Amino acid sequence: MMFLGSFLHAQGRGQASPASVPPPRSTTTLAYPADQIAAGQRLFTAQCGFCHGRDAMGGESGPDLTRSTLVAEDVRGDKLGPLLRAGRVDKGMPAFTLSAADLGAIVAFVHDQKTKAESLTGGRRTVDVADLQTGDPEGGRRYFAGACVKCHSATGDLAGVGRRLQGLALLQRMLYPAPGREGSKATVTVTLASGEVVTGKLAYRDEFTIALTDANGWYRAWPAQKAKFVVNDPLQAHVDQLGKYTDGDMHDVLAYLQTLR
Amino acid sequence: MMSWRICRRFAEGARVRRHEGARVLLLCVVLGASGVAQSLDPSALLKPTPDSWPTYHGDYTGQRHTRLTQITPANVHQLTLAWAFQTNQPQQIKATPILANGVIYITTPDNLWAIDARSARQIWRYTYPQNDGFHIGHRGVAVYKDFVYMTTPDAHLIALDARDGKVRWNVEIADSRRGFWSTNAPLIVGNHLLVGVSGDFDNLPGTLKSFDADTGTLQWTFYSTPPLGTPGSQSGGATGGQMWMTGTYDPELNLVFVGTGNPTPVLNGAARAGDNPWTCSIVALNPDTGKLVWGFQASPHDTHDWDAAEVPVLVDAPMNGTARKLLLQASRNGYYFVLDRTTGKSLVTTAFATVNWSKSVDKDGRPMPDAAKEPARDGRLVAPNEAGATNYRSPSFDPATGLLVVSAHDAYGIYFFKPEHGAYGWAGANYSVWGKGVLRAIEYQTGKIRWSHDIGEGAGGAGVLTTATGLAFSGDSAGNALALRTSDGATLWHAGIGRVGNSPITYALDGRQYVILGGGSALYAFALPEKP
């Protein structure tokens, strides 16, 4: 039911042409003992399989780990270990309490699956760049000119976006560039009882608390009921757009963004 | 030794013949190895006492509504922590605590704790051996006489002695090597122990089993998708339709109502033509035989993983001026349904969340899928997303206001399918795009939304509990337990306890009302302050 949005954004790196998209290759390919892989498989199935699939190639809600950049860059758990132990609780991934041996086994299994996946074709739950080439760039350009130019520019912030991102990664980013590891894009302006006005990056918001990171990097929070504040969330325009796109529009805009190379 | 049943029969007679009864009851206590005073009479499930929460929904109706009146809109702001119980597990508590005889039974996958409902002191703990099943969540136990039952990630059913957690028997519900697992909180009806399983990653028949609650002997099996070639096979080649949530029961009709899951292969609809009954359905079964009495399909030919496993809430109330036996469901596909639960006939079908996958409702009240929104090679933008417009989070029905309060989810996802994805298991790809959680109050007769209360980005995790005093307890996505005024959704109390991942319960012991919510991996009990 939940997914790890920020992982997905990195999927398209290192891609040559839209038609052929190899997943990121492991930076360091290591061999793991069979019994360690088997132990890792048991742990992975029980703890990770529902979301990521028993084969680590994507499950009910989590991404295909064999196509993950983080996994590709991991060497013996140096990236996966800290992530597993901390979790991504906001994205629905719990923090795991793992012994070094269990962690090593899970890492071994994931890497082994990645090695196997690199030689697999067909039958996988993949979305290839070639699958997404049904849109009309000219229609997309027109749509973009009406709906997107208030915040975006083909020659400004989006110049070269078709080079930086392709395929599913570009489509996801286009639909909703979820705040990932870089944090929220929203800003908030709080007017204090004293009349002081504080503006900063939105750090936290719920029904009861409003918090920002101020210009000096400090976290500051106030009771939401007592503070006067205005939140400016540029992503709201993306949310509003979700109810307006037809599937044709969506594919057209994607086709147009692909031309911004 | 006098059996429990005989004791009970005498005790019932005692209401008429007071003197004899009292003598017999005394005898039972003296003789009763099975402990009449401490064990849970299954007939108590028909009228649960206020000092208990003896079954997943609290009672058979699934209303998750309490008659307790100590905590009110006027004093709820005084709620204070009575106790907390830390499981020290990495996983969030998703289970409903079950309370009988002053003991709370709470679970996470493989783990069951018996704790004192007054103090949270641990009485015993049972840990199931390490196994390969999915450890994705656990919904809770069932209790009966002096048994406690727990399902396991590898699809076994364990019967434990409620006094000390010793295993009495262990039966396999379904073969986990084929891909079944279980998170299910069983439903007790008489001596029937109804247990469901999960299994979306393999093409498996939707399976619900009834076991003899005393012995663990299989009584019957109901297949929502009888395997091809077997009698009653009608699913059009679809497998799936797992009944992984706890059903409800009407003792007058002697019908159990269970929601069934999505068909498999999940996103590949082409592999299974037609409506695929009884997947994504509400089925009414005779609990004595497991025979289907009627079925209603909430999502014909689902291709988006939208189970109709959500709680079928039973309400006896007027509908357009006529007293009816109703069944309400806010379904994962975004539609709210009212059925006549005697016949299964549709009375209301209306959306309660953002939906774009259906353009029409057929004469039987079923939203018909728009073929243009089926998963496709180049992707389809669909509302809701795969997590659905609601999910396992229990709704609550408040009879006073006539509102069904639901943890809803307005969301979009993208769905892909191409023949290369095959026809086994998930058979496609889908990604969530965006979603936000909303507590939404639905007027039961019309489906009209009375109020909506935002609870933050992403789907919520908490179910809802309403009270006779007009409160609705739940949780937001940021990690606050909430008490809202049921009539208008205004927030009256909150406590930052971590994300609430279960559905709240309440009970009264020693004259004090407790409200219990899971926050992260701990269980929290709130009550009004005691006088010093």
# chains A, B, ... in the order shown; residues from 1 in each chain; ligands from 1
>>> interface_residues(of="chain B", to="chain A", cutoff="8 Å", atoms="only C-alpha atoms", output="count of residues only")
35
>>> residues_around(residues="A:Pro137", least_positions_apart="2", cutoff="7 Å", atoms="only C-alpha atoms", output="PyMOL selection string")
chain A and resi 135+139-141+252-253+255-256
>>> write_last_selection(atoms="C-alpha atoms", output="PDB file, in the first residue's frame")
ATOM      1  CA  GLY A 135       2.212  10.605 -26.939  1.00  0.00           C
ATOM      2  CA  GLY A 139      -0.018  18.151 -28.267  1.00  0.00           C
ATOM      3  CA  GLY A 140       2.139  18.022 -25.184  1.00  0.00           C
ATOM      4  CA  ARG A 141       3.711  21.347 -25.992  1.00  0.00           C
ATOM      5  CA  ASP A 252       1.545  13.950 -24.797  1.00  0.00           C
ATOM      6  CA  VAL A 253       3.211  15.990 -22.072  1.00  0.00           C
ATOM      7  CA  ALA A 255       6.459  13.062 -25.160  1.00  0.00           C
ATOM      8  CA  TYR A 256       7.057  16.817 -25.115  1.00  0.00           C
TER       9      TYR A 256
END
>>> residues_around(residues="B:Lys448", least_positions_apart="3", cutoff="12 Å", atoms="only C-alpha atoms", output="PDB file with N, CA and C atoms, in the first residue's frame")
ATOM      1  N   TYR B 335     -16.174   3.225  -3.768  1.00  0.00           N
ATOM      2  CA  TYR B 335     -17.639   3.290  -3.755  1.00  0.00           C
ATOM      3  C   TYR B 335     -18.195   2.837  -2.403  1.00  0.00           C
ATOM      4  N   TYR B 336     -19.261   3.510  -2.024  1.00  0.00           N
ATOM      5  CA  TYR B 336     -20.009   3.167  -0.815  1.00  0.00           C
ATOM      6  C   TYR B 336     -21.245   2.399  -1.252  1.00  0.00           C
ATOM      7  N   PHE B 337     -21.456   1.266  -0.598  1.00  0.00           N
ATOM      8  CA  PHE B 337     -22.584   0.402  -0.959  1.00  0.00           C
ATOM      9  C   PHE B 337     -23.508   0.213   0.231  1.00  0.00           C
ATOM     10  N   VAL B 348     -27.982   1.317  -2.427  1.00  0.00           N
ATOM     11  CA  VAL B 348     -27.262   2.564  -2.733  1.00  0.00           C
ATOM     12  C   VAL B 348     -25.881   2.202  -3.269  1.00  0.00           C
ATOM     13  N   THR B 349     -25.455   2.902  -4.305  1.00  0.00           N
ATOM     14  CA  THR B 349     -24.066   2.840  -4.772  1.00  0.00           C
ATOM     15  C   THR B 349     -23.645   4.257  -5.105  1.00  0.00           C
ATOM     16  N   THR B 350     -22.614   4.749  -4.418  1.00  0.00           N
ATOM     17  CA  THR B 350     -22.166   6.109  -4.692  1.00  0.00           C
ATOM     18  C   THR B 350     -20.705   6.252  -4.269  1.00  0.00           C
ATOM     19  N   ALA B 351     -19.976   7.118  -4.960  1.00  0.00           N
ATOM     20  CA  ALA B 351     -18.551   7.277  -4.639  1.00  0.00           C
ATOM     21  C   ALA B 351     -18.391   8.063  -3.346  1.00  0.00           C
ATOM     22  N   PHE B 352     -17.410   7.665  -2.530  1.00  0.00           N
ATOM     23  CA  PHE B 352     -17.111   8.430  -1.314  1.00  0.00           C
ATOM     24  C   PHE B 352     -15.697   9.016  -1.347  1.00  0.00           C
ATOM     25  N   ALA B 353     -14.977   8.769  -2.439  1.00  0.00           N
ATOM     26  CA  ALA B 353     -13.614   9.292  -2.572  1.00  0.00           C
ATOM     27  C   ALA B 353     -13.393   9.577  -4.059  1.00  0.00           C
ATOM     28  N   GLY B 402     -26.347   8.599  12.349  1.00  0.00           N
ATOM     29  CA  GLY B 402     -26.514   7.875  11.088  1.00  0.00           C
ATOM     30  C   GLY B 402     -25.307   8.003  10.178  1.00  0.00           C
ATOM     31  N   LEU B 403     -24.128   8.211  10.775  1.00  0.00           N
ATOM     32  CA  LEU B 403     -22.922   8.413   9.972  1.00  0.00           C
ATOM     33  C   LEU B 403     -22.012   7.191  10.035  1.00  0.00           C
ATOM     34  N   LEU B 404     -21.502   6.822   8.868  1.00  0.00           N
ATOM     35  CA  LEU B 404     -20.427   5.834   8.782  1.00  0.00           C
ATOM     36  C   LEU B 404     -19.141   6.636   8.606  1.00  0.00           C
ATOM     37  N   VAL B 405     -18.273   6.579   9.615  1.00  0.00           N
ATOM     38  CA  VAL B 405     -17.035   7.351   9.556  1.00  0.00           C
ATOM     39  C   VAL B 405     -15.931   6.434   9.033  1.00  0.00           C
ATOM     40  N   ARG B 440     -13.817  10.653   6.672  1.00  0.00           N
ATOM     41  CA  ARG B 440     -14.988  11.125   5.950  1.00  0.00           C
ATOM     42  C   ARG B 440     -16.231  10.505   6.585  1.00  0.00           C
ATOM     43  N   ALA B 441     -17.237  11.338   6.834  1.00  0.00           N
ATOM     44  CA  ALA B 441     -18.477  10.866   7.454  1.00  0.00           C
ATOM     45  C   ALA B 441     -19.547  10.753   6.379  1.00  0.00           C
ATOM     46  N   ILE B 442     -20.030   9.521   6.187  1.00  0.00           N
ATOM     47  CA  ILE B 442     -20.983   9.232   5.121  1.00  0.00           C
ATOM     48  C   ILE B 442     -22.373   9.057   5.731  1.00  0.00           C
ATOM     49  N   GLU B 443     -23.360   9.794   5.215  1.00  0.00           N
ATOM     50  CA  GLU B 443     -24.743   9.607   5.671  1.00  0.00           C
ATOM     51  C   GLU B 443     -25.231   8.274   5.125  1.00  0.00           C
ATOM     52  N   TYR B 444     -25.642   7.389   6.026  1.00  0.00           N
ATOM     53  CA  TYR B 444     -25.800   5.992   5.618  1.00  0.00           C
ATOM     54  C   TYR B 444     -26.903   5.779   4.581  1.00  0.00           C
ATOM     55  N   GLN B 445     -27.952   6.593   4.597  1.00  0.00           N
ATOM     56  CA  GLN B 445     -29.074   6.329   3.687  1.00  0.00           C
ATOM     57  C   GLN B 445     -28.809   6.799   2.257  1.00  0.00           C
ATOM     58  N   TRP B 451     -19.131  15.366   6.360  1.00  0.00           N
ATOM     59  CA  TRP B 451     -17.914  16.152   6.590  1.00  0.00           C
ATOM     60  C   TRP B 451     -16.683  15.353   6.192  1.00  0.00           C
ATOM     61  N   SER B 452     -15.599  16.091   5.951  1.00  0.00           N
ATOM     62  CA  SER B 452     -14.301  15.489   5.657  1.00  0.00           C
ATOM     63  C   SER B 452     -13.270  16.152   6.547  1.00  0.00           C
TER      64      SER B 452
END
>>> closest_residue(among="B:Arg272, B:Arg67, B:Lys166, B:Lys359", to="B:Trp124", atoms="only C-alpha atoms")
B:Lys166
>>> residues_around(residues="B:Gly190", least_positions_apart="4", cutoff="9 Å", atoms="only C-alpha atoms", output="VMD selection string")
chain B and resid 42 to 43 213 287 to 288
>>> write_last_selection(atoms="N, CA and C atoms", output="PDB file, in the first residue's frame")
ATOM      1  N   PRO B  42     -19.073 -18.463  24.082  1.00  0.00           N
ATOM      2  CA  PRO B  42     -19.225 -17.921  22.723  1.00  0.00           C
ATOM      3  C   PRO B  42     -20.533 -17.177  22.526  1.00  0.00           C
ATOM      4  N   SER B  43     -21.561 -17.516  23.331  1.00  0.00           N
ATOM      5  CA  SER B  43     -22.819 -16.781  23.179  1.00  0.00           C
ATOM      6  C   SER B  43     -22.665 -15.352  23.686  1.00  0.00           C
ATOM      7  N   ALA B 213     -13.769 -25.120  16.798  1.00  0.00           N
ATOM      8  CA  ALA B 213     -12.997 -24.282  17.705  1.00  0.00           C
ATOM      9  C   ALA B 213     -12.392 -25.087  18.848  1.00  0.00           C
ATOM     10  N   PRO B 287     -22.890 -20.117   8.205  1.00  0.00           N
ATOM     11  CA  PRO B 287     -21.695 -20.504   8.967  1.00  0.00           C
ATOM     12  C   PRO B 287     -21.666 -21.983   9.342  1.00  0.00           C
ATOM     13  N   ASP B 288     -22.797 -22.643   9.257  1.00  0.00           N
ATOM     14  CA  ASP B 288     -22.819 -24.067   9.607  1.00  0.00           C
ATOM     15  C   ASP B 288     -22.337 -24.948   8.453  1.00  0.00           C
TER      16      ASP B 288
END
>>> closest_atom_pairs(of="stretch 315-430 of chain B", to="stretch 51-59 of chain B", cutoff="12 Å", atoms="only C-alpha atoms", output="CSV")
residue,atom,partner,partner_atom,distance
B:Tyr392,CA,B:His57,CA,11.9
B:Arg393,CA,B:His57,CA,11.1
B:Ser394,CA,B:His57,CA,8.1
B:Pro395,CA,B:His57,CA,9.9
B:Ser396,CA,B:His57,CA,9.5
B:Phe397,CA,B:His57,CA,11.5
>>> closest_residue(among="B:Pro226, B:Tyr249, B:Gly435, B:Ile505", to="B:Val464", atoms="only C-alpha atoms")
B:Ile505
